[in-house]
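Next up, target.txt (compact mmCIF, N, CA and C atoms):
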```txt
# COMPACT_ATOMS: atom_id res chain seq x y z
N MET A 6 0.84 -1.19 0.00
CA MET A 6 0.00 0.00 0.00
C MET A 6 0.88 1.24 0.00
N ASN A 7 0.41 2.27 -0.66
CA ASN A 7 1.10 3.56 -0.67
C ASN A 7 0.73 4.31 0.60
N HIS A 8 1.72 4.54 1.44
CA HIS A 8 1.47 5.23 2.71
C HIS A 8 1.74 6.73 2.64
N ASP A 9 1.85 7.24 1.44
CA ASP A 9 2.01 8.69 1.29
C ASP A 9 0.66 9.40 1.33
N ALA A 10 -0.40 8.67 1.04
CA ALA A 10 -1.75 9.26 1.06
C ALA A 10 -2.76 8.15 1.33
N TYR A 11 -3.78 8.48 2.10
CA TYR A 11 -4.84 7.54 2.42
C TYR A 11 -6.16 8.13 1.93
N SER A 12 -7.00 7.27 1.39
CA SER A 12 -8.31 7.76 0.96
C SER A 12 -9.17 8.05 2.18
N SER A 13 -10.11 8.93 2.00
CA SER A 13 -11.05 9.25 3.07
C SER A 13 -11.83 8.00 3.48
N ASP A 14 -12.17 7.15 2.51
CA ASP A 14 -12.90 5.92 2.82
C ASP A 14 -12.08 4.99 3.70
N TYR A 15 -10.80 4.88 3.41
CA TYR A 15 -9.91 4.00 4.18
C TYR A 15 -9.88 4.44 5.65
N ILE A 16 -9.65 5.74 5.87
CA ILE A 16 -9.59 6.28 7.24
C ILE A 16 -10.95 6.16 7.92
N ARG A 17 -11.99 6.52 7.22
CA ARG A 17 -13.35 6.47 7.79
C ARG A 17 -13.72 5.04 8.19
N ASP A 18 -13.38 4.07 7.33
CA ASP A 18 -13.69 2.68 7.65
C ASP A 18 -12.97 2.23 8.91
N ILE A 19 -11.74 2.66 9.08
CA ILE A 19 -10.98 2.31 10.28
C ILE A 19 -11.62 2.94 11.51
N LEU A 20 -11.92 4.21 11.44
CA LEU A 20 -12.47 4.91 12.61
C LEU A 20 -13.87 4.45 12.98
N THR A 21 -14.60 3.89 12.02
CA THR A 21 -15.94 3.38 12.34
C THR A 21 -15.92 1.93 12.78
N SER A 22 -14.96 1.14 12.30
CA SER A 22 -14.95 -0.28 12.63
C SER A 22 -14.17 -0.59 13.91
N CYS A 23 -13.24 0.24 14.27
CA CYS A 23 -12.42 0.00 15.47
C CYS A 23 -13.10 0.61 16.69
N LYS A 24 -13.40 -0.23 17.65
CA LYS A 24 -14.07 0.24 18.87
C LYS A 24 -13.16 0.17 20.09
N THR A 25 -12.24 -0.80 20.10
CA THR A 25 -11.32 -0.99 21.22
C THR A 25 -9.91 -0.76 20.72
N MET A 26 -9.18 0.10 21.42
CA MET A 26 -7.84 0.49 20.98
C MET A 26 -6.84 0.35 22.12
N ALA A 27 -5.65 -0.09 21.77
CA ALA A 27 -4.51 -0.04 22.68
C ALA A 27 -3.69 1.17 22.30
N LEU A 28 -3.36 2.01 23.27
CA LEU A 28 -2.56 3.20 22.98
C LEU A 28 -1.17 2.97 23.57
N VAL A 29 -0.23 2.59 22.69
CA VAL A 29 1.14 2.28 23.09
C VAL A 29 1.93 3.59 23.23
N GLY A 30 2.50 3.78 24.40
CA GLY A 30 3.21 5.03 24.68
C GLY A 30 2.33 6.02 25.40
N ALA A 31 1.25 5.53 25.99
CA ALA A 31 0.33 6.39 26.75
C ALA A 31 1.09 7.08 27.88
N SER A 32 0.71 8.31 28.15
CA SER A 32 1.36 9.08 29.21
C SER A 32 0.32 9.58 30.21
N ALA A 33 0.74 9.63 31.46
CA ALA A 33 -0.11 10.19 32.51
C ALA A 33 0.07 11.71 32.62
N ASP A 34 0.97 12.27 31.83
CA ASP A 34 1.24 13.71 31.85
C ASP A 34 0.24 14.42 30.94
N GLU A 35 -0.60 15.25 31.52
CA GLU A 35 -1.66 15.91 30.74
C GLU A 35 -1.12 16.86 29.68
N HIS A 36 0.16 17.14 29.67
CA HIS A 36 0.75 18.01 28.65
C HIS A 36 1.30 17.22 27.46
N ARG A 37 1.25 15.89 27.53
CA ARG A 37 1.77 15.06 26.44
C ARG A 37 0.66 14.80 25.41
N PRO A 38 1.04 14.78 24.14
CA PRO A 38 0.03 14.52 23.10
C PRO A 38 -0.73 13.20 23.30
N SER A 39 -0.04 12.15 23.76
CA SER A 39 -0.72 10.86 23.92
C SER A 39 -1.84 10.95 24.96
N TYR A 40 -1.63 11.74 26.00
CA TYR A 40 -2.66 11.92 27.03
C TYR A 40 -3.90 12.59 26.41
N ASN A 41 -3.66 13.62 25.63
CA ASN A 41 -4.77 14.36 25.03
C ASN A 41 -5.50 13.54 23.97
N VAL A 42 -4.77 12.79 23.17
CA VAL A 42 -5.41 11.95 22.17
C VAL A 42 -6.23 10.86 22.85
N MET A 43 -5.68 10.27 23.90
CA MET A 43 -6.42 9.25 24.63
C MET A 43 -7.71 9.84 25.20
N GLY A 44 -7.64 11.01 25.76
CA GLY A 44 -8.84 11.67 26.28
C GLY A 44 -9.86 11.94 25.19
N PHE A 45 -9.39 12.36 24.02
CA PHE A 45 -10.27 12.61 22.89
C PHE A 45 -10.98 11.32 22.48
N LEU A 46 -10.20 10.24 22.34
CA LEU A 46 -10.79 8.97 21.90
C LEU A 46 -11.79 8.44 22.93
N LEU A 47 -11.46 8.54 24.21
CA LEU A 47 -12.41 8.14 25.25
C LEU A 47 -13.69 8.97 25.15
N GLY A 48 -13.53 10.26 24.92
CA GLY A 48 -14.68 11.15 24.80
C GLY A 48 -15.57 10.85 23.61
N LYS A 49 -15.00 10.21 22.59
CA LYS A 49 -15.78 9.83 21.41
C LYS A 49 -16.38 8.44 21.54
N GLY A 50 -16.20 7.82 22.70
CA GLY A 50 -16.83 6.53 22.96
C GLY A 50 -15.97 5.31 22.68
N TYR A 51 -14.72 5.52 22.30
CA TYR A 51 -13.84 4.37 22.09
C TYR A 51 -13.39 3.81 23.45
N HIS A 52 -13.14 2.52 23.49
CA HIS A 52 -12.58 1.86 24.67
C HIS A 52 -11.07 1.85 24.45
N VAL A 53 -10.32 2.54 25.32
CA VAL A 53 -8.88 2.70 25.12
C VAL A 53 -8.12 2.07 26.28
N LEU A 54 -7.18 1.19 25.94
CA LEU A 54 -6.34 0.53 26.92
C LEU A 54 -4.93 1.11 26.80
N PRO A 55 -4.47 1.88 27.80
CA PRO A 55 -3.12 2.44 27.73
C PRO A 55 -2.06 1.38 27.93
N VAL A 56 -0.96 1.51 27.19
CA VAL A 56 0.17 0.59 27.29
C VAL A 56 1.44 1.41 27.44
N ASN A 57 2.11 1.20 28.58
CA ASN A 57 3.39 1.88 28.83
C ASN A 57 4.02 1.22 30.05
N PRO A 58 5.17 0.57 29.89
CA PRO A 58 5.77 -0.11 31.04
C PRO A 58 6.10 0.82 32.19
N ALA A 59 6.35 2.08 31.91
CA ALA A 59 6.67 3.05 32.98
C ALA A 59 5.46 3.36 33.85
N HIS A 60 4.26 3.11 33.34
CA HIS A 60 3.03 3.41 34.09
C HIS A 60 2.19 2.16 34.36
N ALA A 61 2.76 0.97 34.10
CA ALA A 61 2.01 -0.27 34.27
C ALA A 61 1.46 -0.36 35.69
N GLY A 62 0.18 -0.73 35.77
CA GLY A 62 -0.49 -0.88 37.06
C GLY A 62 -1.13 0.41 37.56
N GLU A 63 -0.84 1.52 36.90
CA GLU A 63 -1.42 2.81 37.27
C GLU A 63 -2.68 3.05 36.44
N GLN A 64 -3.37 4.12 36.77
CA GLN A 64 -4.53 4.55 36.00
C GLN A 64 -4.13 5.76 35.16
N ILE A 65 -4.52 5.76 33.91
CA ILE A 65 -4.38 6.93 33.04
C ILE A 65 -5.79 7.23 32.54
N LEU A 66 -6.26 8.41 32.86
CA LEU A 66 -7.62 8.82 32.50
C LEU A 66 -8.65 7.76 32.91
N GLY A 67 -8.43 7.18 34.08
CA GLY A 67 -9.36 6.21 34.63
C GLY A 67 -9.24 4.81 34.05
N GLN A 68 -8.25 4.59 33.18
CA GLN A 68 -8.06 3.28 32.55
C GLN A 68 -6.79 2.63 33.08
N PHE A 69 -6.86 1.35 33.41
CA PHE A 69 -5.71 0.61 33.91
C PHE A 69 -4.66 0.51 32.81
N CYS A 70 -3.42 0.79 33.15
CA CYS A 70 -2.32 0.78 32.18
C CYS A 70 -1.56 -0.54 32.24
N TYR A 71 -1.24 -1.06 31.07
CA TYR A 71 -0.54 -2.33 30.93
C TYR A 71 0.89 -2.09 30.45
N ALA A 72 1.78 -3.04 30.77
CA ALA A 72 3.19 -2.90 30.41
C ALA A 72 3.45 -3.20 28.93
N SER A 73 2.64 -4.07 28.33
CA SER A 73 2.87 -4.48 26.94
C SER A 73 1.56 -4.94 26.31
N LEU A 74 1.57 -5.06 25.01
CA LEU A 74 0.39 -5.55 24.30
C LEU A 74 0.06 -6.98 24.72
N SER A 75 1.07 -7.77 25.02
CA SER A 75 0.82 -9.17 25.40
C SER A 75 0.10 -9.29 26.73
N GLU A 76 0.08 -8.24 27.53
CA GLU A 76 -0.60 -8.27 28.83
C GLU A 76 -2.05 -7.82 28.76
N LEU A 77 -2.50 -7.36 27.62
CA LEU A 77 -3.88 -6.87 27.52
C LEU A 77 -4.86 -7.99 27.82
N PRO A 78 -5.90 -7.70 28.61
CA PRO A 78 -6.85 -8.75 29.01
C PRO A 78 -7.94 -9.03 27.98
N GLU A 79 -7.94 -8.29 26.88
CA GLU A 79 -8.99 -8.46 25.88
C GLU A 79 -8.43 -8.11 24.50
N PRO A 80 -9.07 -8.58 23.45
CA PRO A 80 -8.62 -8.23 22.09
C PRO A 80 -8.84 -6.74 21.82
N VAL A 81 -8.01 -6.20 20.93
CA VAL A 81 -8.17 -4.81 20.49
C VAL A 81 -8.32 -4.78 18.98
N ASP A 82 -9.06 -3.80 18.51
CA ASP A 82 -9.23 -3.61 17.08
C ASP A 82 -8.06 -2.85 16.46
N MET A 83 -7.50 -1.94 17.26
CA MET A 83 -6.45 -1.07 16.74
C MET A 83 -5.36 -0.87 17.78
N VAL A 84 -4.12 -0.79 17.31
CA VAL A 84 -2.99 -0.41 18.14
C VAL A 84 -2.54 0.96 17.64
N ASP A 85 -2.65 1.96 18.51
CA ASP A 85 -2.27 3.34 18.21
C ASP A 85 -0.89 3.57 18.82
N VAL A 86 0.08 3.94 18.00
CA VAL A 86 1.48 3.96 18.43
C VAL A 86 1.99 5.39 18.65
N PHE A 87 2.27 5.70 19.91
CA PHE A 87 2.88 6.96 20.32
C PHE A 87 4.31 6.68 20.78
N ARG A 88 5.11 6.13 19.91
CA ARG A 88 6.52 5.88 20.18
C ARG A 88 7.31 6.48 19.03
N GLU A 89 8.61 6.62 19.21
CA GLU A 89 9.45 7.11 18.12
C GLU A 89 9.39 6.11 16.97
N ALA A 90 9.58 6.61 15.76
CA ALA A 90 9.50 5.76 14.57
C ALA A 90 10.45 4.56 14.67
N SER A 91 11.58 4.72 15.34
CA SER A 91 12.54 3.63 15.46
C SER A 91 11.99 2.46 16.27
N HIS A 92 10.91 2.66 17.02
CA HIS A 92 10.30 1.60 17.81
C HIS A 92 9.06 0.99 17.13
N PHE A 93 8.68 1.54 15.99
CA PHE A 93 7.47 1.06 15.31
C PHE A 93 7.58 -0.43 14.97
N LYS A 94 8.77 -0.86 14.50
CA LYS A 94 8.98 -2.26 14.16
C LYS A 94 8.71 -3.16 15.36
N ASP A 95 9.18 -2.76 16.53
CA ASP A 95 8.97 -3.57 17.74
C ASP A 95 7.48 -3.70 18.07
N VAL A 96 6.75 -2.61 17.91
CA VAL A 96 5.31 -2.66 18.18
C VAL A 96 4.61 -3.54 17.15
N VAL A 97 5.01 -3.43 15.90
CA VAL A 97 4.43 -4.29 14.86
C VAL A 97 4.71 -5.75 15.19
N ASP A 98 5.94 -6.07 15.58
CA ASP A 98 6.27 -7.46 15.93
C ASP A 98 5.37 -7.96 17.06
N GLU A 99 5.16 -7.13 18.05
CA GLU A 99 4.32 -7.53 19.18
C GLU A 99 2.86 -7.68 18.75
N ALA A 100 2.39 -6.78 17.89
CA ALA A 100 1.00 -6.84 17.42
C ALA A 100 0.76 -8.07 16.54
N VAL A 101 1.71 -8.40 15.70
CA VAL A 101 1.57 -9.57 14.83
C VAL A 101 1.48 -10.85 15.66
N ALA A 102 2.12 -10.86 16.82
CA ALA A 102 2.10 -12.04 17.69
C ALA A 102 0.81 -12.16 18.51
N MET A 103 -0.01 -11.12 18.52
CA MET A 103 -1.24 -11.15 19.31
C MET A 103 -2.26 -12.12 18.71
N ILE A 104 -3.03 -12.76 19.59
CA ILE A 104 -4.12 -13.63 19.15
C ILE A 104 -5.37 -13.21 19.91
N PRO A 105 -6.40 -12.72 19.22
CA PRO A 105 -6.40 -12.40 17.80
C PRO A 105 -5.58 -11.14 17.53
N ARG A 106 -5.19 -10.99 16.28
CA ARG A 106 -4.43 -9.81 15.87
C ARG A 106 -5.37 -8.60 15.78
N PRO A 107 -4.82 -7.41 16.00
CA PRO A 107 -5.63 -6.21 15.76
C PRO A 107 -5.90 -6.05 14.26
N LYS A 108 -6.95 -5.34 13.93
CA LYS A 108 -7.27 -5.07 12.53
C LYS A 108 -6.36 -3.99 11.95
N VAL A 109 -5.89 -3.08 12.85
CA VAL A 109 -5.17 -1.88 12.40
C VAL A 109 -4.02 -1.57 13.34
N ILE A 110 -2.91 -1.10 12.75
CA ILE A 110 -1.84 -0.46 13.52
C ILE A 110 -1.73 0.96 12.99
N TRP A 111 -1.84 1.91 13.89
CA TRP A 111 -1.85 3.33 13.52
C TRP A 111 -0.64 4.01 14.13
N GLY A 112 0.26 4.50 13.29
CA GLY A 112 1.42 5.26 13.75
C GLY A 112 1.10 6.74 13.79
N GLN A 113 1.29 7.33 14.94
CA GLN A 113 0.99 8.76 15.11
C GLN A 113 1.92 9.63 14.25
N LEU A 114 1.72 10.93 14.32
CA LEU A 114 2.51 11.87 13.54
C LEU A 114 4.00 11.60 13.73
N THR A 115 4.74 11.56 12.65
CA THR A 115 6.18 11.28 12.55
C THR A 115 6.52 9.80 12.73
N VAL A 116 5.56 8.95 12.99
CA VAL A 116 5.82 7.52 13.17
C VAL A 116 5.59 6.82 11.84
N ARG A 117 6.71 6.46 11.20
CA ARG A 117 6.63 5.79 9.89
C ARG A 117 7.81 4.85 9.72
N ASP A 118 7.50 3.63 9.31
CA ASP A 118 8.51 2.62 8.98
C ASP A 118 7.86 1.73 7.95
N ASP A 119 8.21 1.93 6.68
CA ASP A 119 7.56 1.21 5.59
C ASP A 119 7.84 -0.29 5.62
N VAL A 120 9.01 -0.69 6.08
CA VAL A 120 9.34 -2.12 6.17
C VAL A 120 8.45 -2.78 7.23
N ALA A 121 8.32 -2.15 8.39
CA ALA A 121 7.45 -2.68 9.44
C ALA A 121 5.99 -2.70 8.98
N ALA A 122 5.58 -1.66 8.27
CA ALA A 122 4.21 -1.61 7.76
C ALA A 122 3.94 -2.78 6.81
N ALA A 123 4.90 -3.08 5.95
CA ALA A 123 4.73 -4.18 5.01
C ALA A 123 4.59 -5.51 5.76
N LYS A 124 5.34 -5.68 6.85
CA LYS A 124 5.22 -6.90 7.65
C LYS A 124 3.82 -7.01 8.24
N ALA A 125 3.30 -5.90 8.78
CA ALA A 125 1.95 -5.91 9.34
C ALA A 125 0.92 -6.24 8.27
N GLU A 126 1.07 -5.64 7.11
CA GLU A 126 0.11 -5.87 6.02
C GLU A 126 0.17 -7.32 5.53
N ARG A 127 1.35 -7.91 5.50
CA ARG A 127 1.46 -9.34 5.12
C ARG A 127 0.72 -10.22 6.13
N ALA A 128 0.63 -9.73 7.38
CA ALA A 128 -0.08 -10.48 8.44
C ALA A 128 -1.57 -10.16 8.45
N GLY A 129 -2.03 -9.36 7.48
CA GLY A 129 -3.46 -9.05 7.38
C GLY A 129 -3.91 -7.86 8.19
N ILE A 130 -2.97 -7.04 8.63
CA ILE A 130 -3.29 -5.87 9.46
C ILE A 130 -3.19 -4.61 8.60
N LYS A 131 -4.22 -3.78 8.63
CA LYS A 131 -4.17 -2.49 7.94
C LYS A 131 -3.22 -1.56 8.70
N VAL A 132 -2.61 -0.63 7.98
CA VAL A 132 -1.65 0.28 8.58
C VAL A 132 -1.95 1.72 8.16
N VAL A 133 -1.84 2.62 9.14
CA VAL A 133 -1.85 4.06 8.90
C VAL A 133 -0.61 4.59 9.60
N MET A 134 0.12 5.47 8.93
CA MET A 134 1.31 6.06 9.55
C MET A 134 1.34 7.56 9.35
N ASP A 135 2.00 8.21 10.29
CA ASP A 135 2.21 9.66 10.25
C ASP A 135 0.88 10.42 10.19
N ARG A 136 -0.09 9.94 10.95
CA ARG A 136 -1.41 10.57 11.05
C ARG A 136 -1.88 10.52 12.49
N CYS A 137 -2.82 11.36 12.82
CA CYS A 137 -3.41 11.36 14.16
C CYS A 137 -4.92 11.20 14.02
N PRO A 138 -5.54 10.27 14.77
CA PRO A 138 -6.98 10.10 14.66
C PRO A 138 -7.76 11.36 14.99
N VAL A 139 -7.22 12.20 15.85
CA VAL A 139 -7.91 13.45 16.21
C VAL A 139 -8.09 14.33 14.98
N THR A 140 -7.03 14.46 14.19
CA THR A 140 -7.14 15.33 13.01
C THR A 140 -7.88 14.65 11.87
N GLU A 141 -7.98 13.32 11.90
CA GLU A 141 -8.71 12.58 10.87
C GLU A 141 -10.19 12.42 11.23
N PHE A 142 -10.54 12.66 12.46
CA PHE A 142 -11.90 12.41 12.93
C PHE A 142 -12.98 13.18 12.15
N PRO A 143 -12.71 14.38 11.65
CA PRO A 143 -13.76 15.05 10.85
C PRO A 143 -14.26 14.22 9.67
N LEU A 144 -13.42 13.33 9.12
CA LEU A 144 -13.88 12.45 8.03
C LEU A 144 -15.01 11.57 8.52
N LEU A 145 -14.89 11.07 9.72
CA LEU A 145 -15.94 10.23 10.30
C LEU A 145 -17.18 11.06 10.59
N TYR A 146 -16.99 12.23 11.15
CA TYR A 146 -18.13 13.10 11.48
C TYR A 146 -18.95 13.41 10.23
N HIS A 147 -18.25 13.78 9.15
CA HIS A 147 -18.97 14.13 7.93
C HIS A 147 -19.67 12.91 7.32
N ALA A 148 -19.08 11.74 7.48
CA ALA A 148 -19.72 10.54 6.95
C ALA A 148 -21.01 10.23 7.70
N LEU A 149 -21.00 10.48 9.00
CA LEU A 149 -22.17 10.16 9.82
C LEU A 149 -23.24 11.26 9.79
N HIS A 150 -22.81 12.50 9.57
CA HIS A 150 -23.73 13.63 9.66
C HIS A 150 -23.93 14.39 8.35
N GLY A 151 -23.29 13.87 7.29
CA GLY A 151 -23.43 14.45 5.94
C GLY A 151 -23.21 15.89 5.92
```
With the file now loaded, output its structure as structure tokens.
Amino acid sequence: MNHDAYSSDYIRDILTSCKTMALVGASADEHRPSYNVMGFLLGKGYHVLPVNPAHAGEQILGQFCYASLSELPEPVDMVDVFREASHFKDVVDEAVAMIPRPKVIWGQLTVRDDVAAAKAERAGIKVVMDRCPVTEFPLLYHALHG
């Protein structure tokens, strides 16, 4: 897939079909982008499971934080990655090993690794990179409210 541009339908389908998300790199610091994005997603009705070994066992925005994807107590539809691009491959490896696998791996702004994305896609996982669901959310709003 060409990750230089995504169709509105592709993004909209992801945002409407994914209900449960793991947010890798979640932060308890209200000044961090991951904290604000998590709050936004929770406010839109998504079920968000924070993942960050530094905060494992703590609550972030009222949600129990896990150390890794392998510790999640339930399946997730999407893995939202708030890590440096150099760590994207590691998250993809962990997501591919999940049973069941997530439908989507979403790399936040500046998070892009085309080799890792190709591995995820070979495993049947859709990929979005260098995007933020908050800024893409208007596509969903317009689809639902015309």
*Excluding same-chain residues fewer than 4 positions from Val116 (chain A), what lies within 5 Å of it counting all atoms listed in the file, as a ChimeraX atom specification?*
/A:90,112,134-135
Just N, CA and C atoms for this one: save the residues we selected as a JSON list (two decimals), in the coordinates of the input.
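As written to disk, again-v4.json reads:
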```
[["chain", "number", "residue", "atom", "x", "y", "z"],
["A", 90, "ALA", "N", 9.58, 6.61, 15.76],
["A", 90, "ALA", "CA", 9.50, 5.76, 14.57],
["A", 90, "ALA", "C", 10.45, 4.56, 14.67],
["A", 112, "GLY", "N", 0.26, 4.50, 13.29],
["A", 112, "GLY", "CA", 1.42, 5.26, 13.75],
["A", 112, "GLY", "C", 1.10, 6.74, 13.79],
["A", 134, "MET", "N", 0.12, 5.47, 8.93],
["A", 134, "MET", "CA", 1.31, 6.06, 9.55],
["A", 134, "MET", "C", 1.34, 7.56, 9.35],
["A", 135, "ASP", "N", 2.00, 8.21, 10.29],
["A", 135, "ASP", "CA", 2.21, 9.66, 10.25],
["A", 135, "ASP", "C", 0.88, 10.42, 10.19]]
```
*If you run DSSP on this backbone, which residues of region 75-135 of chain A come out as helix (DSSP H, G or I), and could you give them as a ChimeraX atom specification?*
/A:75-76,90-101,119-127
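Computed from the coordinates, the atom N of Cys70 (chain A) to atom C of Pro55 (chain A) distance equals 5.4 Å.
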To test the calculation: enclose all listed atoms of region 28-38 of chain A in a box whose edges run along x, y and z, add 8 Å on each side, then state centre and edge lengths in Å to one decimal, as AutoDock Vina command-line options.
```
--center_x -0.1 --center_y 10.0 --center_z 27.7 --size_x 22.6 --size_y 32.0 --size_z 25.9
```
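For the pair atom N of Arg106 (chain A) and atom N of Lys24 (chain A), the interatomic distance is 13.6 Å.
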*What residues in region 81-143 of chain A get the DSSP label strand (DSSP E or B)? Please answer as an MDAnalysis selection string.*
chainID A and resid 83:86 109:112 131:133
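When only C-alpha atoms are used to measure the gap to Val109 (chain A), the shortest distance among A:Arg88, A:Asp9, A:Pro143, A:Thr25 belongs to A:Thr25.
Counting from atom N of Val53 (chain A), the distance to CA of Asn7 (chain A) is 28.4 Å.
The shortest atom-to-atom distance to His60 (chain A), with only C-alpha atoms taken into account, belongs to A:Asp34 out of A:Asp34, A:Asn41, A:Lys108, A:Met26.
Take the candidates A:Cys23, A:Ala61, A:Leu66, A:Ala122 and check each one against Gly44 (chain A) using only N, CA and C atoms; the shortest distance goes to A:Leu66.
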*Using all atoms listed in the file, which of A:Ala27, A:His36, A:Ala128, A:Gln113 sits nearest Met83 (chain A)?*
A:Ala27
*Using only C-alpha atoms, pick whichever of A:Ala121, A:Met103, A:Val81, A:Val29 has the shortest atom-to-atom distance to Tyr51 (chain A).*
A:Val81
*Find the residues with any atom within 8 Å of (5.0, 0.3, 34.3); use all atoms listed in the file and the coordinates as given in the file, and write the answer as a PyMOL selection string.*
chain A and resi 56-63+70-73
*Point out the residue among A:Thr115, A:Ser91, A:Lys124, A:Ile65 with the least atom-to-atom distance to Glu35 (chain A), counting only C-alpha atoms.*
A:Ile65
